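> Hey, dropping structure32.cif in here, mmCIF, C-alpha atoms:
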data_run
loop_
_atom_site.label_atom_id
_atom_site.label_comp_id
_atom_site.auth_asym_id
_atom_site.auth_seq_id
_atom_site.Cartn_x
_atom_site.Cartn_y
_atom_site.Cartn_z
CA MET Q 1 75.83 117.83 101.62
CA VAL Q 2 73.68 117.26 104.71
CA THR Q 3 70.91 115.82 102.56
CA TYR Q 4 73.42 113.56 100.85
CA ILE Q 5 74.76 112.30 104.21
CA ILE Q 6 71.25 111.60 105.51
CA ARG Q 7 70.37 109.77 102.32
CA ARG Q 8 73.52 107.66 102.53
CA LEU Q 9 72.87 106.84 106.21
CA ILE Q 10 69.34 105.64 105.38
CA ALA Q 11 70.76 103.54 102.56
CA ALA Q 12 73.37 102.14 104.97
CA VAL Q 13 70.67 101.05 107.42
CA MET Q 14 68.71 99.38 104.63
CA LEU Q 15 71.83 97.61 103.41
CA LEU Q 16 72.57 96.30 106.90
CA PHE Q 17 68.99 95.03 107.05
CA VAL Q 18 69.52 93.15 103.77
CA VAL Q 19 72.84 91.76 105.02
CA SER Q 20 71.19 90.51 108.20
CA ILE Q 21 68.46 88.74 106.21
CA ALA Q 22 70.98 87.17 103.84
CA THR Q 23 73.22 86.02 106.68
CA PHE Q 24 70.32 84.60 108.65
CA ALA Q 25 69.04 82.77 105.57
CA ILE Q 26 72.46 81.24 104.87
CA PHE Q 27 72.78 79.80 108.36
CA PHE Q 28 69.19 78.85 109.08
CA LEU Q 29 67.21 78.60 105.82
CA VAL Q 30 69.74 76.88 103.56
CA PRO Q 31 70.36 73.95 105.97
CA ARG Q 32 66.61 73.35 106.15
CA MET Q 33 66.37 73.43 102.37
CA ALA Q 34 69.14 70.82 102.33
CA GLY Q 35 66.98 68.54 104.48
CA MET Q 36 68.35 69.24 107.97
CA SER Q 37 65.83 69.22 110.81
CA SER Q 38 65.86 71.28 113.98
CA ASP Q 39 67.35 68.34 115.85
CA ASP Q 40 70.10 68.05 113.24
CA LEU Q 41 71.05 71.68 113.82
CA ALA Q 42 70.92 71.23 117.58
CA SER Q 43 73.17 68.16 117.45
CA ARG Q 44 76.11 70.45 116.70
CA TYR Q 45 75.88 72.01 120.14
CA VAL Q 46 75.76 68.95 122.34
CA GLY Q 47 78.29 66.28 123.13
CA LYS Q 48 78.75 63.22 120.96
CA ALA Q 49 77.26 61.03 123.68
CA ALA Q 50 73.99 62.99 123.85
CA ASN Q 51 70.85 61.00 123.23
CA ALA Q 52 67.89 61.99 121.06
CA GLN Q 53 65.95 63.52 123.96
CA VAL Q 54 68.84 65.81 124.94
CA ILE Q 55 69.23 66.92 121.33
CA HIS Q 56 65.51 67.63 121.03
CA ASP Q 57 65.49 69.61 124.29
CA THR Q 58 68.47 71.62 123.02
CA ALA Q 59 66.62 72.41 119.79
CA ILE Q 60 63.67 73.73 121.82
CA ARG Q 61 65.97 75.70 124.13
CA LEU Q 62 67.74 77.35 121.18
CA GLY Q 63 64.44 78.09 119.42
CA PHE Q 64 65.18 75.99 116.34
CA ASN Q 65 61.61 74.61 116.31
CA ASP Q 66 60.10 78.06 115.90
CA PRO Q 67 59.24 79.32 112.40
CA LEU Q 68 62.14 81.08 110.66
CA VAL Q 69 60.24 84.36 110.67
CA VAL Q 70 59.90 84.15 114.44
CA GLN Q 71 63.58 83.30 114.84
CA TYR Q 72 64.64 86.23 112.66
CA GLY Q 73 62.21 88.56 114.43
CA ARG Q 74 63.72 87.51 117.76
CA PHE Q 75 67.18 88.28 116.40
CA VAL Q 76 66.18 91.75 115.13
CA LYS Q 77 64.32 92.51 118.36
CA GLY Q 78 67.48 91.75 120.31
CA ILE Q 79 69.40 94.33 118.28
CA PHE Q 80 66.93 97.12 119.07
CA THR Q 81 65.52 96.24 122.49
CA GLY Q 82 67.70 93.45 123.88
CA ILE Q 83 66.60 89.96 124.76
CA ASP Q 84 66.19 87.81 127.87
CA ARG Q 85 67.64 84.34 128.05
CA ASN Q 86 66.07 81.76 130.32
CA TYR Q 87 68.16 78.68 129.58
CA GLY Q 88 69.51 78.07 133.05
CA PRO Q 89 68.57 78.62 136.68
CA GLY Q 90 67.95 82.33 136.16
CA VAL Q 91 67.04 84.92 133.54
CA GLU Q 92 69.97 86.71 131.89
CA HIS Q 93 69.32 89.97 130.06
CA CYS Q 94 71.35 91.01 127.02
CA PRO Q 95 70.95 94.79 126.53
CA ALA Q 96 70.56 96.35 123.11
CA PRO Q 97 72.23 96.10 120.72
CA CYS Q 98 72.28 92.37 121.41
CA LEU Q 99 73.60 90.00 118.76
CA GLY Q 100 72.53 86.93 120.69
CA PHE Q 101 74.35 84.42 122.87
CA SER Q 102 77.08 82.05 121.81
CA TYR Q 103 75.94 78.45 121.49
CA VAL Q 104 79.32 77.22 122.73
CA ASN Q 105 80.31 79.34 125.72
CA GLN Q 106 76.87 80.94 126.39
CA ASN Q 107 78.38 84.46 126.47
CA PRO Q 108 76.74 87.45 124.75
CA VAL Q 109 78.31 87.91 121.33
CA LEU Q 110 78.68 91.70 121.22
CA PRO Q 111 80.79 92.10 124.41
CA ASP Q 112 83.14 89.39 123.14
CA LEU Q 113 83.49 91.27 119.85
CA LEU Q 114 84.09 94.58 121.62
CA ASP Q 115 86.81 92.98 123.74
CA ARG Q 116 88.65 91.99 120.55
CA LEU Q 117 87.94 95.18 118.64
CA PRO Q 118 90.92 97.23 119.97
CA THR Q 119 93.38 94.64 118.67
CA THR Q 120 91.79 94.66 115.22
CA LEU Q 121 91.56 98.46 115.18
CA GLY Q 122 95.21 98.79 116.17
CA LEU Q 123 96.30 96.29 113.54
CA ALA Q 124 94.25 97.80 110.71
CA LEU Q 125 94.95 101.48 111.42
CA GLY Q 126 98.66 100.99 112.11
CA ALA Q 127 99.16 98.98 108.92
CA ALA Q 128 97.03 101.45 106.94
CA VAL Q 129 99.29 104.38 107.85
CA ILE Q 130 102.36 102.44 106.73
CA TRP Q 131 100.97 101.10 103.47
CA VAL Q 132 99.44 104.43 102.38
CA LEU Q 133 102.61 106.46 103.08
CA PHE Q 134 105.02 104.00 101.52
CA GLY Q 135 102.72 102.79 98.75
CA VAL Q 136 101.69 106.23 97.46
CA ALA Q 137 105.20 107.69 97.85
CA THR Q 138 106.76 104.76 96.00
CA GLY Q 139 104.18 104.99 93.22
CA VAL Q 140 104.74 108.72 92.74
CA LEU Q 141 108.54 108.42 92.65
CA SER Q 142 108.36 105.48 90.26
CA ALA Q 143 106.12 107.42 87.88
CA LEU Q 144 108.38 110.49 87.97
CA ARG Q 145 111.45 108.31 87.35
CA ARG Q 146 109.91 105.98 84.82
CA GLY Q 147 112.33 103.40 83.47
CA SER Q 148 114.98 104.11 86.10
CA PHE Q 149 116.58 101.55 88.39
CA PHE Q 150 114.38 102.75 91.27
CA ASP Q 151 111.26 102.27 89.15
CA ARG Q 152 112.16 98.74 88.12
CA PHE Q 153 113.35 97.73 91.58
CA SER Q 154 110.34 99.14 93.45
CA MET Q 155 107.85 97.63 91.01
CA GLY Q 156 109.64 94.29 91.34
CA ILE Q 157 109.28 94.46 95.12
CA ALA Q 158 105.64 95.48 94.66
CA LEU Q 159 105.03 92.48 92.43
CA ALA Q 160 106.55 90.22 95.09
CA GLY Q 161 104.37 91.84 97.76
CA VAL Q 162 101.20 91.24 95.76
CA SER Q 163 102.18 87.66 94.91
CA LEU Q 164 103.36 86.35 98.27
CA PRO Q 165 100.53 85.22 100.61
CA ILE Q 166 100.49 86.84 103.99
CA PHE Q 167 100.71 83.60 105.92
CA PHE Q 168 104.02 82.92 104.15
CA THR Q 169 105.54 86.36 104.77
CA GLY Q 170 104.18 86.34 108.33
CA ILE Q 171 105.71 82.97 109.22
CA VAL Q 172 109.05 83.91 107.63
CA SER Q 173 109.06 87.23 109.53
CA LEU Q 174 108.35 85.49 112.82
CA ALA Q 175 111.04 82.89 112.20
CA ILE Q 176 113.69 85.51 111.44
CA PHE Q 177 112.92 88.53 113.60
CA ARG Q 178 111.35 86.87 116.64
CA ASP Q 179 112.75 83.35 116.86
CA GLN Q 180 116.25 83.87 115.44
CA LEU Q 181 117.09 87.50 116.19
CA GLY Q 182 114.72 88.14 119.11
CA LEU Q 183 113.98 91.69 117.92
CA VAL Q 184 110.21 91.62 118.53
CA PRO Q 185 108.35 90.43 121.65
CA ASP Q 186 105.96 87.51 121.64
CA VAL Q 187 102.22 88.07 121.24
CA SER Q 188 101.71 86.67 124.75
CA GLU Q 189 102.99 90.02 126.05
CA LEU Q 190 100.17 91.93 124.33
CA GLU Q 191 97.58 91.72 127.13
CA GLY Q 192 98.08 94.51 129.65
CA ALA Q 193 101.21 95.75 127.90
CA ASP Q 194 102.46 99.32 128.09
CA PRO Q 195 102.36 101.38 124.85
CA VAL Q 196 105.99 100.66 123.95
CA THR Q 197 105.62 96.89 124.37
CA TRP Q 198 102.27 96.95 122.58
CA MET Q 199 103.80 98.70 119.57
CA GLY Q 200 106.70 96.24 119.64
CA VAL Q 201 104.30 93.30 119.47
CA MET Q 202 102.25 94.92 116.70
CA LEU Q 203 105.20 96.11 114.62
CA MET Q 204 105.75 92.86 112.76
CA PRO Q 205 102.03 92.33 111.94
CA TRP Q 206 101.88 95.97 110.79
CA ILE Q 207 104.82 95.60 108.44
CA THR Q 208 103.72 92.22 107.12
CA LEU Q 209 100.18 93.43 106.41
CA ALA Q 210 101.39 96.75 104.99
CA PHE Q 211 103.82 94.97 102.66
CA LEU Q 212 100.90 93.19 101.01
CA TYR Q 213 98.75 96.31 100.59
CA ALA Q 214 101.50 98.86 99.87
CA ALA Q 215 102.47 96.86 96.80
CA GLY Q 216 99.03 97.29 95.27
CA TYR Q 217 98.89 100.98 96.17
CA ALA Q 218 102.31 101.60 94.63
CA ARG Q 219 101.29 100.01 91.34
CA LEU Q 220 97.93 101.82 91.29
CA THR Q 221 99.50 105.20 92.13
CA ARG Q 222 102.22 104.75 89.52
CA ALA Q 223 99.70 103.96 86.78
CA GLY Q 224 97.52 106.91 87.77
CA MET Q 225 100.43 109.34 87.93
CA LEU Q 226 101.74 108.27 84.51
CA GLU Q 227 98.32 108.96 83.00
CA THR Q 228 97.74 112.21 84.89
CA MET Q 229 101.16 113.76 84.26
CA SER Q 230 100.54 113.54 80.49
CA GLU Q 231 97.30 115.53 80.67
CA ASP Q 232 96.98 118.96 79.05
CA TYR Q 233 96.31 120.79 82.32
CA ILE Q 234 99.65 119.54 83.68
CA ARG Q 235 101.45 121.07 80.70
CA THR Q 236 99.44 124.25 81.22
CA ALA Q 237 100.46 124.39 84.88
CA ARG Q 238 104.11 124.04 83.95
CA ALA Q 239 103.76 126.66 81.21
CA LYS Q 240 102.37 129.11 83.80
CA GLY Q 241 105.64 128.83 85.69
CA LEU Q 242 104.54 126.76 88.67
CA ASN Q 243 107.33 124.90 90.41
CA GLU Q 244 107.53 121.14 89.88
CA ARG Q 245 106.54 120.28 93.46
CA THR Q 246 103.27 122.20 93.12
CA VAL Q 247 102.55 120.61 89.76
CA VAL Q 248 103.17 117.10 91.04
CA ILE Q 249 101.41 117.35 94.41
CA LYS Q 250 98.59 119.82 93.84
CA HIS Q 251 97.66 119.01 90.25
CA GLY Q 252 98.99 115.52 89.59
CA LEU Q 253 98.69 113.63 92.85
CA ARG Q 254 95.29 114.98 93.87
CA ALA Q 255 93.71 113.74 90.65
CA THR Q 256 95.42 110.37 91.09
CA LEU Q 257 94.20 109.89 94.66
CA THR Q 258 90.53 109.31 93.76
CA PRO Q 259 90.90 105.61 92.82
CA VAL Q 260 93.45 105.18 95.61
CA LEU Q 261 90.94 106.58 98.10
CA THR Q 262 88.26 104.20 96.82
CA MET Q 263 90.59 101.23 97.23
CA PHE Q 264 91.63 102.45 100.69
CA GLY Q 265 88.03 102.62 101.92
CA LEU Q 266 87.30 99.08 100.81
CA ASP Q 267 90.54 97.66 102.23
CA LEU Q 268 90.25 99.43 105.57
CA GLY Q 269 86.61 98.47 105.96
CA LEU Q 270 87.42 94.82 105.29
CA LEU Q 271 90.32 94.82 107.75
CA LEU Q 272 88.26 96.47 110.48
CA GLY Q 273 85.92 93.52 110.12
CA GLY Q 274 88.82 91.21 110.94
CA ALA Q 275 92.20 90.59 109.30
CA VAL Q 276 91.67 86.84 109.36
CA LEU Q 277 94.97 85.60 107.91
CA THR Q 278 97.16 88.12 109.75
CA GLU Q 279 95.51 87.59 113.13
CA SER Q 280 95.62 83.83 112.71
CA THR Q 281 99.27 83.84 111.62
CA PHE Q 282 100.41 86.03 114.51
CA SER Q 283 97.86 84.61 117.00
CA LEU Q 284 96.42 88.07 117.65
CA PRO Q 285 93.19 88.03 119.69
CA GLY Q 286 91.20 90.13 117.24
CA ILE Q 287 87.90 89.86 115.38
CA GLY Q 288 89.47 87.81 112.58
CA LYS Q 289 90.73 85.16 114.99
CA TYR Q 290 87.33 85.26 116.71
CA ALA Q 291 85.65 84.60 113.35
CA VAL Q 292 87.89 81.62 112.61
CA ASP Q 293 87.15 80.08 116.00
CA ALA Q 294 83.42 80.69 115.53
CA ILE Q 295 83.45 78.94 112.15
CA ASN Q 296 85.40 75.99 113.52
CA ASN Q 297 82.90 75.66 116.37
CA ASN Q 298 79.83 76.13 114.12
CA ASP Q 299 78.75 78.90 116.48
CA LEU Q 300 76.11 80.65 114.36
CA PRO Q 301 75.44 83.68 116.61
CA GLN Q 302 79.15 84.48 116.69
CA VAL Q 303 79.47 84.17 112.91
CA MET Q 304 76.41 86.37 112.36
CA GLY Q 305 77.77 88.92 114.82
CA VAL Q 306 81.11 89.11 113.01
CA THR Q 307 79.32 89.41 109.66
CA LEU Q 308 77.15 92.33 110.80
CA VAL Q 309 80.07 94.12 112.46
CA ALA Q 310 82.21 93.69 109.35
CA ALA Q 311 79.38 94.92 107.11
CA THR Q 312 78.93 97.97 109.35
CA PHE Q 313 82.61 98.89 109.07
CA ILE Q 314 82.62 98.46 105.30
CA ILE Q 315 79.52 100.64 104.87
CA LEU Q 316 80.88 103.36 107.17
CA ALA Q 317 84.27 103.30 105.43
CA ASN Q 318 82.62 103.75 102.04
CA LEU Q 319 80.52 106.62 103.40
CA VAL Q 320 83.62 108.40 104.69
CA VAL Q 321 85.39 107.83 101.37
CA ASP Q 322 82.51 109.35 99.43
CA LEU Q 323 82.68 112.44 101.62
CA LEU Q 324 86.45 112.69 101.20
CA TYR Q 325 86.13 112.74 97.42
CA ALA Q 326 85.09 116.39 97.62
CA VAL Q 327 88.21 117.20 99.66
CA VAL Q 328 90.62 115.44 97.33
CA ASP Q 329 89.08 116.31 93.96
CA PRO Q 330 87.47 119.79 93.48
CA ARG Q 331 85.59 118.46 90.43
CA VAL Q 332 83.40 116.44 92.79
CA ARG Q 333 82.34 119.61 94.63
CA LEU Q 334 81.45 121.27 91.34
CA ALA Q 335 79.38 118.24 90.35
#
Do you think you could lay out the structure here as structure tokens?

Amino acid sequence: MVTYIIRRLIAAVMLLFVVSIATFAIFFLVPRMAGMSSDDLASRYVGKAANAQVIHDTAIRLGFNDPLVVQYGRFVKGIFTGIDRNYGPGVEHCPAPCLGFSYVNQNPVLPDLLDRLPTTLGLALGAAVIWVLFGVATGVLSALRRGSFFDRFSMGIALAGVSLPIFFTGIVSLAIFRDQLGLVPDVSELEGADPVTWMGVMLMPWITLAFLYAAGYARLTRAGMLETMSEDYIRTARAKGLNERTVVIKHGLRATLTPVLTMFGLDLGLLLGGAVLTESTFSLPGIGKYAVDAINNNDLPQVMGVTLVAATFIILANLVVDLLYAVVDPRVRLA
């Protein structure tokens, strides 16, 4: 197991290296292939009234005139050793791991991301607990009561949850529960809030996000349970006299959880990289909102920083899921 973990960690580092190259190429190589010059890239970061000399000086200051290999090497060096910026009256050091400086506000990218990380973590983890509990429980009960009113009703709600976009359910939830009924506080109360107020602000985003994901988990769990409960070893377990709860939970549900666990790792990893639609709908100051603002401002260091952070979370989530397979399914340990 230790060898497997080490091998996966090495593969994760290599994958992050590939992601960094691909991201850098998209933002710096592709525009050049499309015919954009260094001054064209620099014109995005100056005012509309800037003359050609100001744009050219900005291109030099941002390093756009250097070869792409040098620019990428400078970016990688900043991650491992940090970089010094000498764009103003003094030298500013960005300690490792440094993802560069924003072109718009001149702030280091990583501290800005870390400031927004708690909001994204709270949103993703809180919603994950809700959608896993309700989604898996609903799927199991629907499979055990196949064809019943509960099965049809819950699967109908699940279909609605999968079909409705989150910006629609989020806006409707805000209009009803915050604006009309006043049951949830405004997001402006999030900064510096006590735990109770913080949970009150996050409750509606949690439920809205969980409604979308729980629907998929309920349908996946139901399909898996229907297939598993018809297996021969389930009939054998019942023939041995085991009670129904043990048969369902220990023998049926554990075998069904493998695809659910795979889906959970992917979903959680993506959300930890920023729940873009949810954070934008509820105006939450998380990584997703940060990514939207970076894209709107054409701030390449911020976009690259979000991409690398999101890729890191996805890779780590998949690593954890692979290790949990052995806990959920004994057949993995035997393999």
> Leaving out range 265-270 of chain Q and any residue of its chain fewer than 4 positions from it, which residues lie within 8 Å of it when counting all atoms listed in the file, given as a compact mmCIF listing (two decimals) with C-alpha atoms, in the frame of the given file?

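Just written: result_17.txt:
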# COMPACT_ATOMS: atom_id res chain seq x y z
CA ALA Q 124 94.25 97.80 110.71
CA LEU Q 125 94.95 101.48 111.42
CA ALA Q 128 97.03 101.45 106.94
CA LEU Q 261 90.94 106.58 98.10
CA GLY Q 274 88.82 91.21 110.94
CA ALA Q 275 92.20 90.59 109.30
CA ALA Q 310 82.21 93.69 109.35
CA PHE Q 313 82.61 98.89 109.07
CA ILE Q 314 82.62 98.46 105.30
CA ILE Q 315 79.52 100.64 104.87
CA LEU Q 316 80.88 103.36 107.17
CA ALA Q 317 84.27 103.30 105.43
CA ASN Q 318 82.62 103.75 102.04
CA VAL Q 320 83.62 108.40 104.69
CA VAL Q 321 85.39 107.83 101.37
> What does the PyMOL selection byres ((chain Q and resi 157-169) around 7) select in this file, as a tab-separated table (two decimals) with C-alpha atoms, in the coordinates of the input?

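Output file expr-v6.tsv follows:
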chain	number	residue	atom	x	y	z
Q	153	PHE	CA	113.35	97.73	91.58
Q	154	SER	CA	110.34	99.14	93.45
Q	155	MET	CA	107.85	97.63	91.01
Q	156	GLY	CA	109.64	94.29	91.34
Q	170	GLY	CA	104.18	86.34	108.33
Q	171	ILE	CA	105.71	82.97	109.22
Q	172	VAL	CA	109.05	83.91	107.63
Q	173	SER	CA	109.06	87.23	109.53
Q	208	THR	CA	103.72	92.22	107.12
Q	211	PHE	CA	103.82	94.97	102.66
Q	212	LEU	CA	100.90	93.19	101.01
Q	215	ALA	CA	102.47	96.86	96.80
Q	216	GLY	CA	99.03	97.29	95.27
Q	218	ALA	CA	102.31	101.60	94.63
Q	277	LEU	CA	94.97	85.60	107.91
Q	278	THR	CA	97.16	88.12	109.75
Q	281	THR	CA	99.27	83.84	111.62
> Evaluate the PyMOL selection byres ((chain Q and resi 132-136) around 8) here and jot the selected residues down as a PyMOL selection string.
chain Q and resi 128-131+137-140+213-218+221
> Would you please work out which residue, of Q:Phe24, Q:Phe264, Q:Phe101, Q:Phe282, is nearest to Arg178 in chain Q when using all atoms listed in the file?
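Of all the options, Q:Phe282 lies closest to Arg178 in chain Q.
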> So the first atom is CA of Pro205 in chain Q and the second is CA of Ala291 in chain Q; what is the distance between them in Å, to one decimal place?
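Atom-to-atom, CA of Pro205 in chain Q and CA of Ala291 in chain Q are spaced 18.2 Å apart.
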> Going by the chain IDs and residue numbers used in this file, which residues fall under the PyMOL selection byres ((chain Q and resi 225) around 10)? Write them as a tab-separated table (two decimals) with C-alpha atoms, in the coordinates of the input.

chain	number	residue	atom	x	y	z
Q	139	GLY	CA	104.18	104.99	93.22
Q	140	VAL	CA	104.74	108.72	92.74
Q	141	LEU	CA	108.54	108.42	92.65
Q	142	SER	CA	108.36	105.48	90.26
Q	143	ALA	CA	106.12	107.42	87.88
Q	144	LEU	CA	108.38	110.49	87.97
Q	219	ARG	CA	101.29	100.01	91.34
Q	220	LEU	CA	97.93	101.82	91.29
Q	221	THR	CA	99.50	105.20	92.13
Q	222	ARG	CA	102.22	104.75	89.52
Q	223	ALA	CA	99.70	103.96	86.78
Q	224	GLY	CA	97.52	106.91	87.77
Q	226	LEU	CA	101.74	108.27	84.51
Q	227	GLU	CA	98.32	108.96	83.00
Q	228	THR	CA	97.74	112.21	84.89
Q	229	MET	CA	101.16	113.76	84.26
Q	230	SER	CA	100.54	113.54	80.49
Q	248	VAL	CA	103.17	117.10	91.04
Q	252	GLY	CA	98.99	115.52	89.59
Q	253	LEU	CA	98.69	113.63	92.85
Q	254	ARG	CA	95.29	114.98	93.87
Q	255	ALA	CA	93.71	113.74	90.65
Q	256	THR	CA	95.42	110.37	91.09
Q	257	LEU	CA	94.20	109.89	94.66
> One decimal, in Å: what's the spacing between CA of Val201 in chain Q and CA of Pro185 in chain Q?
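Those two atoms sit 5.4 Å apart.
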> In Å to one decimal, how far is CA of Gly182 in chain Q from CA of Glu279 in chain Q?
20.1 Å
> If we count all atoms listed in the file and set the cut-off at 9 Å, which residues sit around range 283-286 of chain Q, ignoring sequence neighbours fewer than 4 positions away in its own chain? Please answer as a ChimeraX atom specification.
/Q:113,115-121,123,187-188,190,274-276,278-279,290-291
> Please dump the current selection as a CSV table (one decimal), keeping the file's coordinate frame; keep C-alpha atoms.

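Output (again31.csv):
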chain,number,residue,atom,x,y,z
Q,113,LEU,CA,83.5,91.3,119.8
Q,115,ASP,CA,86.8,93.0,123.7
Q,116,ARG,CA,88.6,92.0,120.6
Q,117,LEU,CA,87.9,95.2,118.6
Q,118,PRO,CA,90.9,97.2,120.0
Q,119,THR,CA,93.4,94.6,118.7
Q,120,THR,CA,91.8,94.7,115.2
Q,121,LEU,CA,91.6,98.5,115.2
Q,123,LEU,CA,96.3,96.3,113.5
Q,187,VAL,CA,102.2,88.1,121.2
Q,188,SER,CA,101.7,86.7,124.8
Q,190,LEU,CA,100.2,91.9,124.3
Q,274,GLY,CA,88.8,91.2,110.9
Q,275,ALA,CA,92.2,90.6,109.3
Q,276,VAL,CA,91.7,86.8,109.4
Q,278,THR,CA,97.2,88.1,109.8
Q,279,GLU,CA,95.5,87.6,113.1
Q,290,TYR,CA,87.3,85.3,116.7
Q,291,ALA,CA,85.6,84.6,113.4
> Between Q:Met202, Q:Ala50, Q:Ala25, Q:Ala34, which residue has the minimum interatomic distance to Val69 in chain Q, considering all atoms listed in the file?
Q:Ala25
> Contacts between range 103-111 of chain Q and range 243-318 of chain Q, please, where a residue of range 243-318 of chain Q counts if it comes within 12 Å (with all atoms listed in the file); show its shortest atom pair and distance in Å to one decimal, rows by chain and ascending number, as JSON lines.

{"residue": "Q:Ile287", "atom": "CA", "partner": "Q:Leu110", "partner_atom": "CA", "distance": 11.1}
{"residue": "Q:Tyr290", "atom": "CA", "partner": "Q:Val109", "partner_atom": "CA", "distance": 10.5}
{"residue": "Q:Ala291", "atom": "CA", "partner": "Q:Val109", "partner_atom": "CA", "distance": 11.3}
{"residue": "Q:Asp293", "atom": "CA", "partner": "Q:Val104", "partner_atom": "CA", "distance": 10.7}
{"residue": "Q:Ala294", "atom": "CA", "partner": "Q:Val104", "partner_atom": "CA", "distance": 9.0}
{"residue": "Q:Ile295", "atom": "CA", "partner": "Q:Val104", "partner_atom": "CA", "distance": 11.5}
{"residue": "Q:Asn296", "atom": "CA", "partner": "Q:Val104", "partner_atom": "CA", "distance": 11.1}
{"residue": "Q:Asn297", "atom": "CA", "partner": "Q:Val104", "partner_atom": "CA", "distance": 7.5}
{"residue": "Q:Asn298", "atom": "CA", "partner": "Q:Tyr103", "partner_atom": "CA", "distance": 8.7}
{"residue": "Q:Asp299", "atom": "CA", "partner": "Q:Tyr103", "partner_atom": "CA", "distance": 5.8}
{"residue": "Q:Leu300", "atom": "CA", "partner": "Q:Tyr103", "partner_atom": "CA", "distance": 7.5}
{"residue": "Q:Pro301", "atom": "CA", "partner": "Q:Val109", "partner_atom": "CA", "distance": 7.0}
{"residue": "Q:Gln302", "atom": "CA", "partner": "Q:Val109", "partner_atom": "CA", "distance": 5.8}
{"residue": "Q:Val303", "atom": "CA", "partner": "Q:Val109", "partner_atom": "CA", "distance": 9.3}
{"residue": "Q:Met304", "atom": "CA", "partner": "Q:Val109", "partner_atom": "CA", "distance": 9.3}
{"residue": "Q:Gly305", "atom": "CA", "partner": "Q:Val109", "partner_atom": "CA", "distance": 6.6}
{"residue": "Q:Val306", "atom": "CA", "partner": "Q:Val109", "partner_atom": "CA", "distance": 8.9}
{"residue": "Q:Thr307", "atom": "CA", "partner": "Q:Leu110", "partner_atom": "CA", "distance": 11.8}
{"residue": "Q:Leu308", "atom": "CA", "partner": "Q:Leu110", "partner_atom": "CA", "distance": 10.6}
{"residue": "Q:Val309", "atom": "CA", "partner": "Q:Leu110", "partner_atom": "CA", "distance": 9.2}
> Give the padded box for range 242-261 of chain Q as lines of an AutoDock Vina configuration file: axis-aligned, covering all atoms listed in the file, 5 Å on each side, centre and edge lengths in Å to one decimal.

center_x = 99.0
center_y = 116.0
center_z = 93.4
size_x = 27.0
size_y = 31.6
size_z = 19.4
